[in-house]
>>> print(open('work25.pdb').read())   # PDB, C-alpha atoms, pLDDT in the B column
ATOM      1  CA  MET A1358     -19.329  70.482-162.808  1.00 92.00           C
ATOM      2  CA  TRP A1359     -16.240  71.939-164.358  1.00 97.00           C
ATOM      3  CA  LEU A1360     -13.417  70.173-166.181  1.00 98.00           C
ATOM      4  CA  TYR A1361      -9.904  71.557-166.525  1.00 98.00           C
ATOM      5  CA  VAL A1362      -7.159  70.009-168.674  1.00 98.00           C
ATOM      6  CA  ASP A1363      -3.513  71.009-169.088  1.00 98.00           C
ATOM      7  CA  ASP A1364      -1.531  69.333-171.851  1.00 97.00           C
ATOM      8  CA  LYS A1365       1.457  71.665-171.741  1.00 96.00           C
ATOM      9  CA  LEU A1366       3.336  69.778-169.045  1.00 96.00           C
ATOM     10  CA  ASP A1367       6.718  70.330-170.669  1.00 95.00           C
ATOM     11  CA  GLU A1368       6.321  74.078-170.061  1.00 96.00           C
ATOM     12  CA  LEU A1369       6.052  73.667-166.278  1.00 97.00           C
ATOM     13  CA  ASP A1370       9.138  74.821-164.389  1.00 96.00           C
ATOM     14  CA  ILE A1371       9.453  72.434-161.448  1.00 96.00           C
ATOM     15  CA  GLU A1372      11.380  74.821-159.181  1.00 96.00           C
ATOM     16  CA  THR A1373       8.835  77.610-159.669  1.00 97.00           C
ATOM     17  CA  ALA A1374       5.959  75.182-159.142  1.00 97.00           C
ATOM     18  CA  LEU A1375       7.471  73.838-155.920  1.00 97.00           C
ATOM     19  CA  ARG A1376       7.397  77.354-154.471  1.00 96.00           C
ATOM     20  CA  ALA A1377       3.728  77.842-155.475  1.00 96.00           C
ATOM     21  CA  VAL A1378       2.215  74.691-153.968  1.00 97.00           C
ATOM     22  CA  SER A1379       1.343  73.709-150.412  1.00 96.00           C
ATOM     23  CA  PRO A1380       4.008  72.035-148.263  1.00 97.00           C
ATOM     24  CA  GLN A1381       1.869  68.874-148.400  1.00 96.00           C
ATOM     25  CA  ARG A1382       1.967  68.804-152.240  1.00 97.00           C
ATOM     26  CA  ARG A1383       5.642  69.752-152.317  1.00 97.00           C
ATOM     27  CA  GLU A1384       6.461  66.739-150.148  1.00 97.00           C
ATOM     28  CA  HIS A1385       4.177  64.528-152.233  1.00 96.00           C
ATOM     29  CA  ALA A1386       5.763  65.611-155.526  1.00 97.00           C
ATOM     30  CA  MET A1387       9.301  65.202-154.247  1.00 97.00           C
ATOM     31  CA  ARG A1388       8.665  61.556-153.342  1.00 97.00           C
ATOM     32  CA  TYR A1389       8.691  60.757-157.060  1.00 96.00           C
ATOM     33  CA  ARG A1390      12.024  59.794-158.545  1.00 96.00           C
ATOM     34  CA  ARG A1391      11.223  60.620-162.157  1.00 96.00           C
ATOM     35  CA  GLU A1392      11.037  64.266-163.189  1.00 95.00           C
ATOM     36  CA  THR A1393       7.998  63.439-165.360  1.00 95.00           C
ATOM     37  CA  ASP A1394       6.080  62.187-162.322  1.00 96.00           C
ATOM     38  CA  ARG A1395       7.029  65.244-160.283  1.00 97.00           C
ATOM     39  CA  ARG A1396       5.905  67.504-163.097  1.00 97.00           C
ATOM     40  CA  GLN A1397       2.530  65.707-163.346  1.00 97.00           C
ATOM     41  CA  SER A1398       1.997  65.878-159.580  1.00 97.00           C
ATOM     42  CA  LEU A1399       2.722  69.592-159.492  1.00 98.00           C
ATOM     43  CA  ALA A1400       0.758  70.371-162.658  1.00 98.00           C
ATOM     44  CA  VAL A1401      -2.405  68.631-161.470  1.00 98.00           C
ATOM     45  CA  TYR A1402      -2.237  70.438-158.122  1.00 98.00           C
ATOM     46  CA  LEU A1403      -1.699  73.837-159.750  1.00 98.00           C
ATOM     47  CA  LEU A1404      -4.616  73.122-162.078  1.00 98.00           C
ATOM     48  CA  LEU A1405      -6.730  72.269-159.028  1.00 98.00           C
ATOM     49  CA  CYS A1406      -5.720  75.582-157.434  1.00 98.00           C
ATOM     50  CA  ARG A1407      -6.811  77.417-160.574  1.00 98.00           C
ATOM     51  CA  ALA A1408     -10.154  75.586-160.689  1.00 98.00           C
ATOM     52  CA  LEU A1409     -10.851  76.212-157.002  1.00 98.00           C
ATOM     53  CA  ASN A1410     -10.005  79.894-157.367  1.00 98.00           C
ATOM     54  CA  GLU A1411     -12.129  80.402-160.493  1.00 98.00           C
ATOM     55  CA  ARG A1412     -15.158  78.384-159.361  1.00 97.00           C
ATOM     56  CA  PHE A1413     -15.196  78.759-155.570  1.00 97.00           C
ATOM     57  CA  GLY A1414     -13.008  81.769-154.765  1.00 97.00           C
ATOM     58  CA  ILE A1415     -10.537  79.583-152.847  1.00 97.00           C
ATOM     59  CA  THR A1416      -7.242  81.434-153.087  1.00 96.00           C
ATOM     60  CA  GLU A1417      -5.034  79.534-150.631  1.00 95.00           C
ATOM     61  CA  PRO A1418      -3.320  76.343-151.783  1.00 96.00           C
ATOM     62  CA  PRO A1419      -5.677  73.619-150.514  1.00 97.00           C
ATOM     63  CA  LEU A1420      -4.832  70.894-148.049  1.00 97.00           C
ATOM     64  CA  LEU A1421      -5.982  67.575-149.442  1.00 97.00           C
ATOM     65  CA  CYS A1422      -7.437  64.802-147.343  1.00 96.00           C
ATOM     66  CA  TYR A1423      -8.371  61.296-148.448  1.00 93.00           C
ATOM     67  CA  ASP A1424     -11.112  58.885-147.511  1.00 90.00           C
ATOM     68  CA  ASP A1425     -10.384  55.231-146.672  1.00 88.00           C
ATOM     69  CA  ARG A1426     -10.457  54.338-150.383  1.00 87.00           C
ATOM     70  CA  GLY A1427      -8.080  57.129-151.365  1.00 87.00           C
ATOM     71  CA  LYS A1428     -10.625  59.551-152.848  1.00 91.00           C
ATOM     72  CA  PRO A1429      -9.301  63.109-152.429  1.00 95.00           C
ATOM     73  CA  ALA A1430     -11.208  66.019-150.914  1.00 96.00           C
ATOM     74  CA  ILE A1431     -10.459  69.569-149.839  1.00 97.00           C
ATOM     75  CA  ALA A1432      -9.936  69.689-146.071  1.00 96.00           C
ATOM     76  CA  GLY A1433     -12.634  71.795-144.436  1.00 96.00           C
ATOM     77  CA  ARG A1434     -14.724  72.074-147.614  1.00 97.00           C
ATOM     78  CA  PRO A1435     -17.129  69.113-147.753  1.00 95.00           C
ATOM     79  CA  ASP A1436     -19.305  71.139-150.167  1.00 96.00           C
ATOM     80  CA  VAL A1437     -16.615  71.049-152.879  1.00 98.00           C
ATOM     81  CA  HIS A1438     -16.063  67.788-154.743  1.00 97.00           C
ATOM     82  CA  ILE A1439     -12.885  67.128-156.720  1.00 98.00           C
ATOM     83  CA  SER A1440     -11.292  64.498-158.927  1.00 98.00           C
ATOM     84  CA  LEU A1441      -7.682  64.555-160.112  1.00 97.00           C
ATOM     85  CA  CYS A1442      -5.769  62.511-162.671  1.00 97.00           C
ATOM     86  CA  HIS A1443      -2.770  62.576-164.929  1.00 96.00           C
ATOM     87  CA  CYS A1444      -1.074  60.665-167.713  1.00 96.00           C
ATOM     88  CA  GLU A1445       2.115  61.148-169.690  1.00 94.00           C
ATOM     89  CA  ALA A1446       0.440  63.638-172.040  1.00 95.00           C
ATOM     90  CA  ALA A1447      -1.729  65.761-169.736  1.00 98.00           C
ATOM     91  CA  VAL A1448      -3.391  66.337-166.360  1.00 98.00           C
ATOM     92  CA  ALA A1449      -7.084  66.837-165.612  1.00 98.00           C
ATOM     93  CA  VAL A1450      -9.129  68.168-162.707  1.00 98.00           C
ATOM     94  CA  ALA A1451     -12.880  68.151-162.175  1.00 98.00           C
ATOM     95  CA  VAL A1452     -14.611  70.241-159.509  1.00 98.00           C
ATOM     96  CA  GLY A1453     -18.249  70.640-158.552  1.00 97.00           C
ATOM     97  CA  LEU A1454     -20.873  70.770-155.840  1.00 96.00           C
ATOM     98  CA  GLN A1455     -21.746  67.090-156.352  1.00 95.00           C
ATOM     99  CA  PRO A1456     -19.524  64.014-156.609  1.00 95.00           C
ATOM    100  CA  VAL A1457     -17.505  63.972-159.796  1.00 97.00           C
ATOM    101  CA  GLY A1458     -15.020  61.650-161.463  1.00 97.00           C
ATOM    102  CA  VAL A1459     -12.452  62.297-164.164  1.00 98.00           C
ATOM    103  CA  ASP A1460      -9.866  60.154-165.874  1.00 98.00           C
ATOM    104  CA  ILE A1461      -7.296  60.972-168.514  1.00 98.00           C
ATOM    105  CA  GLU A1462      -5.145  58.428-170.318  1.00 97.00           C
ATOM    106  CA  SER A1463      -2.610  58.529-173.102  1.00 95.00           C
ATOM    107  CA  LEU A1464      -3.801  56.590-176.145  1.00 93.00           C
ATOM    108  CA  ILE A1465      -2.802  52.958-175.793  1.00 87.00           C
ATOM    109  CA  THR A1466      -3.261  49.782-177.773  1.00 85.00           C
ATOM    110  CA  PRO A1467      -3.980  46.964-175.330  1.00 87.00           C
ATOM    111  CA  ASP A1468      -2.780  43.403-175.553  1.00 87.00           C
ATOM    112  CA  VAL A1469      -5.243  40.495-175.522  1.00 86.00           C
ATOM    113  CA  ASP A1470      -4.751  39.707-171.811  1.00 89.00           C
ATOM    114  CA  LEU A1471      -5.509  43.298-170.812  1.00 89.00           C
ATOM    115  CA  LEU A1472      -8.630  43.293-172.986  1.00 90.00           C
ATOM    116  CA  ARG A1473      -9.932  40.091-171.414  1.00 88.00           C
ATOM    117  CA  HIS A1474      -9.279  41.362-167.895  1.00 90.00           C
ATOM    118  CA  THR A1475     -10.864  44.800-168.309  1.00 93.00           C
ATOM    119  CA  MET A1476     -13.513  44.678-171.035  1.00 95.00           C
ATOM    120  CA  SER A1477     -16.764  42.846-171.722  1.00 94.00           C
ATOM    121  CA  GLU A1478     -17.219  40.822-174.912  1.00 92.00           C
ATOM    122  CA  ALA A1479     -19.260  43.616-176.499  1.00 92.00           C
ATOM    123  CA  GLU A1480     -16.589  46.164-175.582  1.00 94.00           C
ATOM    124  CA  CYS A1481     -13.865  43.923-177.038  1.00 92.00           C
ATOM    125  CA  SER A1482     -15.779  43.800-180.333  1.00 89.00           C
ATOM    126  CA  THR A1483     -15.926  47.584-180.411  1.00 90.00           C
ATOM    127  CA  ILE A1484     -12.226  47.878-179.612  1.00 91.00           C
ATOM    128  CA  LEU A1485     -11.225  45.451-182.366  1.00 85.00           C
ATOM    129  CA  LYS A1486     -12.849  47.834-184.873  1.00 86.00           C
ATOM    130  CA  ASP A1487     -11.151  50.943-183.424  1.00 89.00           C
ATOM    131  CA  ALA A1488      -8.240  50.743-180.956  1.00 81.00           C
ATOM    132  CA  THR A1489      -8.931  54.246-179.558  1.00 91.00           C
ATOM    133  CA  GLN A1490     -12.143  52.792-178.118  1.00 94.00           C
ATOM    134  CA  PHE A1491     -10.111  50.929-175.491  1.00 95.00           C
ATOM    135  CA  THR A1492      -8.834  54.194-174.030  1.00 96.00           C
ATOM    136  CA  ARG A1493     -12.301  55.786-174.284  1.00 96.00           C
ATOM    137  CA  LEU A1494     -13.945  52.856-172.468  1.00 96.00           C
ATOM    138  CA  TRP A1495     -11.148  52.681-169.893  1.00 95.00           C
ATOM    139  CA  THR A1496     -11.516  56.383-169.021  1.00 97.00           C
ATOM    140  CA  MET A1497     -15.285  55.944-168.747  1.00 97.00           C
ATOM    141  CA  LYS A1498     -14.837  53.061-166.304  1.00 96.00           C
ATOM    142  CA  GLU A1499     -12.211  54.794-164.207  1.00 95.00           C
ATOM    143  CA  SER A1500     -14.073  58.121-164.094  1.00 97.00           C
ATOM    144  CA  PHE A1501     -17.207  56.273-162.940  1.00 97.00           C
ATOM    145  CA  LEU A1502     -15.253  54.467-160.224  1.00 96.00           C
ATOM    146  CA  LYS A1503     -13.768  57.777-159.095  1.00 95.00           C
ATOM    147  CA  LEU A1504     -17.240  59.332-158.986  1.00 95.00           C
ATOM    148  CA  THR A1505     -18.547  56.514-156.795  1.00 93.00           C
ATOM    149  CA  GLY A1506     -15.364  56.424-154.720  1.00 90.00           C
ATOM    150  CA  GLU A1507     -14.882  52.709-155.352  1.00 86.00           C
ATOM    151  CA  GLY A1508     -11.500  52.797-157.011  1.00 77.00           C
ATOM    152  CA  LEU A1509     -10.338  50.027-159.307  1.00 77.00           C
ATOM    153  CA  THR A1510     -12.240  46.807-158.884  1.00 76.00           C
ATOM    154  CA  ASP A1511     -12.094  43.186-159.994  1.00 76.00           C
ATOM    155  CA  ASP A1512     -15.294  43.465-162.030  1.00 86.00           C
ATOM    156  CA  LEU A1513     -13.920  45.888-164.634  1.00 91.00           C
ATOM    157  CA  PRO A1514     -15.624  44.137-167.574  1.00 92.00           C
ATOM    158  CA  ASP A1515     -19.051  44.842-166.028  1.00 93.00           C
ATOM    159  CA  VAL A1516     -18.461  48.285-164.482  1.00 94.00           C
ATOM    160  CA  LEU A1517     -20.355  50.252-167.107  1.00 95.00           C
ATOM    161  CA  THR A1518     -23.459  48.101-166.667  1.00 94.00           C
ATOM    162  CA  ARG A1519     -23.791  49.790-163.248  1.00 93.00           C
ATOM    163  CA  ALA A1520     -23.299  53.277-164.673  1.00 93.00           C
ATOM    164  CA  THR A1521     -26.993  53.957-165.238  1.00 92.00           C
ATOM    165  CA  ASP A1522     -27.564  57.231-163.386  1.00 95.00           C
ATOM    166  CA  VAL A1523     -24.531  59.076-164.698  1.00 97.00           C
ATOM    167  CA  ARG A1524     -23.530  61.165-167.665  1.00 97.00           C
ATOM    168  CA  PHE A1525     -20.187  60.841-169.485  1.00 97.00           C
ATOM    169  CA  GLN A1526     -18.452  63.593-171.405  1.00 97.00           C
ATOM    170  CA  THR A1527     -15.492  62.225-173.368  1.00 97.00           C
ATOM    171  CA  THR A1528     -12.943  64.081-175.461  1.00 97.00           C
ATOM    172  CA  VAL A1529     -10.538  62.204-177.737  1.00 96.00           C
ATOM    173  CA  THR A1530      -7.394  64.009-178.895  1.00 96.00           C
ATOM    174  CA  PRO A1531      -4.461  62.693-180.931  1.00 94.00           C
ATOM    175  CA  HIS A1532      -2.503  62.167-177.676  1.00 95.00           C
ATOM    176  CA  TYR A1533      -4.994  61.382-174.904  1.00 97.00           C
ATOM    177  CA  VAL A1534      -8.605  60.702-173.969  1.00 97.00           C
ATOM    178  CA  VAL A1535     -10.327  62.441-171.057  1.00 98.00           C
ATOM    179  CA  THR A1536     -13.721  61.502-169.605  1.00 98.00           C
ATOM    180  CA  LEU A1537     -15.761  63.416-167.062  1.00 98.00           C
ATOM    181  CA  CYS A1538     -18.410  61.430-165.163  1.00 97.00           C
ATOM    182  CA  THR A1539     -21.190  63.252-163.321  1.00 97.00           C
ATOM    183  CA  PRO A1540     -24.515  62.272-161.781  1.00 95.00           C
ATOM    184  CA  ALA A1541     -27.193  62.306-164.492  1.00 93.00           C
ATOM    185  CA  ASN A1542     -29.191  64.891-162.566  1.00 88.00           C
ATOM    186  CA  ALA A1543     -26.200  67.240-162.091  1.00 78.00           C
ATOM    187  CA  ASN A1544     -26.442  70.731-163.441  1.00 71.00           C
ATOM    188  CA  LYS A1545     -23.443  71.525-165.654  1.00 64.00           C
ATOM    189  CA  ASN A1546     -22.819  74.704-163.660  1.00 64.00           C
ATOM    190  CA  ASN A1547     -22.476  73.150-160.203  1.00 63.00           C
TER     191      ASN A1547
END
>>> encode(input="work25.pdb", output="structure tokens")
Amino acid sequence: MWLYVDDKLDELDIETALRAVSPQRREHAMRYRRETDRRQSLAVYLLLCRALNERFGITEPPLLCYDDRGKPAIAGRPDVHISLCHCEAAVAVAVGLQPVGVDIESLITPDVDLLRHTMSEAECSTILKDATQFTRLWTMKESFLKLTGEGLTDDLPDVLTRATDVRFQTTVTPHYVVTLCTPANANKNN
């Protein structure tokens, strides 16, 4: 499993990027009204292209397809698993030969209602001691749900109790938190 992160989104030239991506991604990016959203959409796709080239020798801009829950895949390459995400501060891509999930979020301080809706009592206690723990726990939950293909669910407080056969790799920076979720038995180099 390989993780790629790009936190230099402000350096991306949108016009140049539009010429470098697939027609599918160009259309997708142009649906966004905000320039920030377009930039994130293009940056995550270009990062995916880089990862696919470096790890699998895929040189053509990939066509993405989606399952019924919205999980992306590379058309015609069921052997390659991907996960994509972005936030205001950065974009992240994970690729591998087994299912993979990644989430990246800008650091946030949640309000009480959000805590109650998304975290268990034990997690709330941890978060009250250190607000960055909310973003860490959130990225763990979302990366796990991306790995399983479930997507966001109503049982967010209990999600991590089901995450028994996985491994999390979390990085906390001053601007964002990124978590990679892989099967526990996955070799780091696949």
>>> closest_residue(input="work25.pdb", among="A:Gly1433, A:Asp1363, A:Arg1382, A:Cys1444", to="Asp1394 in chain A", atoms="all atoms listed in the file")
A:Cys1444
>>> resolve_selection(input="work25.pdb", expression="the PyMOL selection byres ((chain A and resi 1404) around 8)", output="VMD selection string")
chain A and resid 1361 to 1363 1400 to 1403 1405 to 1408 1449 to 1450
>>> resolve_selection(input="work25.pdb", expression="the PyMOL selection byres ((chain A and resi 1536-1539) around 8)", output="JSON, numbers by chain")
{"A": [1358, 1360, 1451, 1455, 1456, 1457, 1458, 1459, 1460, 1461, 1493, 1496, 1497, 1500, 1501, 1504, 1523, 1524, 1525, 1526, 1527, 1528, 1534, 1535, 1540, 1541, 1543]}
>>> resolve_selection(input="work25.pdb", expression="the PyMOL selection byres ((chain A and resi 1465-1474) around 7)", output="number ranges by chain")
A: 1463-1464, 1475-1476, 1481, 1488, 1492, 1514
>>> atom_distance(input="work25.pdb", atom1="CA of Thr1416 in chain A", atom2="CA of Asp1367 in chain A")
25.0 Å
>>> closest_residue(input="work25.pdb", among="A:Leu1409, A:Leu1399, A:Ile1439, A:Leu1366", to="Lys1503 in chain A", atoms="only C-alpha atoms")
A:Ile1439
>>> atom_distance(input="work25.pdb", atom1="CA of Ser1398 in chain A", atom2="CA of Asp1436 in chain A")
23.9 Å
>>> closest_residue(input="work25.pdb", among="A:Ala1374, A:Ala1432, A:Asp1511, A:Arg1412", to="Gly1453 in chain A", atoms="only C-alpha atoms")
A:Arg1412
>>> closest_residue(input="work25.pdb", among="A:Arg1383, A:Lys1498, A:Arg1434, A:His1443", to="Gln1397 in chain A", atoms="all atoms listed in the file")
A:His1443
>>> atom_distance(input="work25.pdb", atom1="CA of Trp1495 in chain A", atom2="CA of Lys1428 in chain A")
18.4 Å
>>> axis_aligned_box(input="work25.pdb", around="range 1520-1525 of chain A", padding_each_side="4 Å", output="AutoDock Vina command-line options")
--center_x -23.9 --center_y 57.2 --center_z -166.4 --size_x 15.4 --size_y 15.9 --size_z 14.1
>>> closest_residue(input="work25.pdb", among="A:Glu1462, A:Leu1421, A:Glu1392, A:Leu1494", to="Glu1480 in chain A", atoms="only C-alpha atoms")
A:Leu1494
>>> closest_residue(input="work25.pdb", among="A:His1438, A:Val1452, A:Ser1477, A:Arg1396", to="Val1516 in chain A", atoms="only C-alpha atoms")
A:Ser1477
>>> decode(input="work25.pdb", residues="range 1392-1502 of chain A", atoms="C-alpha atoms", output="tab-separated table (two decimals), in the first residue's frame")
chain	number	residue	atom	x	y	z
A	1392	GLU	CA	-11.88	27.57	-7.73
A	1393	THR	CA	-10.69	25.85	-4.52
A	1394	ASP	CA	-12.88	22.83	-5.25
A	1395	ARG	CA	-11.70	22.65	-8.85
A	1396	ARG	CA	-8.10	22.82	-7.71
A	1397	GLN	CA	-8.65	19.98	-5.20
A	1398	SER	CA	-10.40	17.82	-7.80
A	1399	LEU	CA	-7.59	18.29	-10.30
A	1400	ALA	CA	-4.82	17.91	-7.72
A	1401	VAL	CA	-6.13	14.62	-6.36
A	1402	TYR	CA	-6.49	13.21	-9.88
A	1403	LEU	CA	-2.98	14.28	-10.89
A	1404	LEU	CA	-1.64	12.74	-7.68
A	1405	LEU	CA	-3.48	9.52	-8.57
A	1406	CYS	CA	-1.87	9.59	-12.03
A	1407	ARG	CA	1.55	9.94	-10.42
A	1408	ALA	CA	0.90	7.07	-7.99
A	1409	LEU	CA	-0.40	4.78	-10.74
A	1410	ASN	CA	2.60	5.56	-12.94
A	1411	GLU	CA	5.17	5.04	-10.17
A	1412	ARG	CA	3.62	1.90	-8.66
A	1413	PHE	CA	1.92	0.16	-11.59
A	1414	GLY	CA	3.43	1.65	-14.75
A	1415	ILE	CA	0.06	3.09	-15.80
A	1416	THR	CA	0.93	6.07	-17.97
A	1417	GLU	CA	-2.44	7.03	-19.47
A	1418	PRO	CA	-4.82	9.19	-17.45
A	1419	PRO	CA	-7.16	6.62	-15.88
A	1420	LEU	CA	-10.89	6.38	-16.39
A	1421	LEU	CA	-12.58	6.10	-13.03
A	1422	CYS	CA	-15.62	3.97	-12.37
A	1423	TYR	CA	-17.67	3.76	-9.18
A	1424	ASP	CA	-19.50	0.98	-7.41
A	1425	ASP	CA	-23.09	1.39	-6.17
A	1426	ARG	CA	-21.82	3.01	-2.96
A	1427	GLY	CA	-19.57	5.47	-4.78
A	1428	LYS	CA	-16.22	3.76	-4.15
A	1429	PRO	CA	-13.86	4.63	-7.02
A	1430	ALA	CA	-11.86	2.14	-9.07
A	1431	ILE	CA	-9.71	2.20	-12.19
A	1432	ALA	CA	-11.75	0.98	-15.17
A	1433	GLY	CA	-10.28	-2.24	-16.53
A	1434	ARG	CA	-7.88	-2.70	-13.61
A	1435	PRO	CA	-9.66	-4.68	-10.87
A	1436	ASP	CA	-6.22	-5.63	-9.48
A	1437	VAL	CA	-5.46	-2.01	-8.51
A	1438	HIS	CA	-7.25	-0.57	-5.48
A	1439	ILE	CA	-7.47	3.18	-4.89
A	1440	SER	CA	-8.80	5.69	-2.39
A	1441	LEU	CA	-8.95	9.44	-2.95
A	1442	CYS	CA	-9.69	12.37	-0.66
A	1443	HIS	CA	-9.13	16.06	-0.22
A	1444	CYS	CA	-9.59	18.89	2.25
A	1445	GLU	CA	-8.88	22.60	2.17
A	1446	ALA	CA	-5.21	22.05	3.05
A	1447	ALA	CA	-4.21	19.01	0.99
A	1448	VAL	CA	-5.16	16.00	-1.13
A	1449	ALA	CA	-4.30	12.34	-0.55
A	1450	VAL	CA	-4.30	9.17	-2.63
A	1451	ALA	CA	-3.73	5.58	-1.57
A	1452	VAL	CA	-3.05	2.76	-4.04
A	1453	GLY	CA	-2.39	-0.93	-3.56
A	1454	LEU	CA	-3.13	-4.49	-4.59
A	1455	GLN	CA	-5.65	-4.91	-1.75
A	1456	PRO	CA	-8.52	-2.69	-0.63
A	1457	VAL	CA	-7.33	0.54	0.91
A	1458	GLY	CA	-8.90	3.59	2.51
A	1459	VAL	CA	-7.53	7.06	3.10
A	1460	ASP	CA	-8.96	10.22	4.58
A	1461	ILE	CA	-7.48	13.66	5.02
A	1462	GLU	CA	-9.08	16.49	6.97
A	1463	SER	CA	-8.10	19.99	7.95
A	1464	LEU	CA	-7.78	20.35	11.72
A	1465	ILE	CA	-11.15	21.23	13.19
A	1466	THR	CA	-12.57	21.82	16.63
A	1467	PRO	CA	-16.00	20.19	16.78
A	1468	ASP	CA	-19.06	21.50	18.55
A	1469	VAL	CA	-20.87	19.39	21.16
A	1470	ASP	CA	-23.60	18.21	18.76
A	1471	LEU	CA	-21.04	16.95	16.25
A	1472	LEU	CA	-19.16	15.13	19.01
A	1473	ARG	CA	-22.31	13.38	20.23
A	1474	HIS	CA	-23.30	12.35	16.72
A	1475	THR	CA	-19.92	10.99	15.62
A	1476	MET	CA	-17.95	9.84	18.67
A	1477	SER	CA	-18.32	7.30	21.47
A	1478	GLU	CA	-18.16	8.39	25.11
A	1479	ALA	CA	-14.57	7.17	25.41
A	1480	GLU	CA	-13.60	9.05	22.25
A	1481	CYS	CA	-15.28	12.22	23.56
A	1482	SER	CA	-13.18	11.98	26.73
A	1483	THR	CA	-10.02	11.74	24.65
A	1484	ILE	CA	-11.07	14.69	22.49
A	1485	LEU	CA	-11.80	16.90	25.49
A	1486	LYS	CA	-8.15	16.47	26.53
A	1487	ASP	CA	-6.79	17.23	23.04
A	1488	ALA	CA	-8.94	18.74	20.27
A	1489	THR	CA	-6.68	17.37	17.49
A	1490	GLN	CA	-7.88	13.91	18.53
A	1491	PHE	CA	-11.27	14.63	16.94
A	1492	THR	CA	-9.69	15.00	13.51
A	1493	ARG	CA	-7.46	11.95	14.09
A	1494	LEU	CA	-10.43	9.78	15.12
A	1495	TRP	CA	-12.59	11.14	12.30
A	1496	THR	CA	-9.96	10.29	9.66
A	1497	MET	CA	-9.59	6.81	11.16
A	1498	LYS	CA	-13.35	6.23	10.91
A	1499	GLU	CA	-13.66	7.58	7.39
A	1500	SER	CA	-10.59	5.74	6.09
A	1501	PHE	CA	-11.98	2.49	7.53
A	1502	LEU	CA	-15.35	3.10	5.88
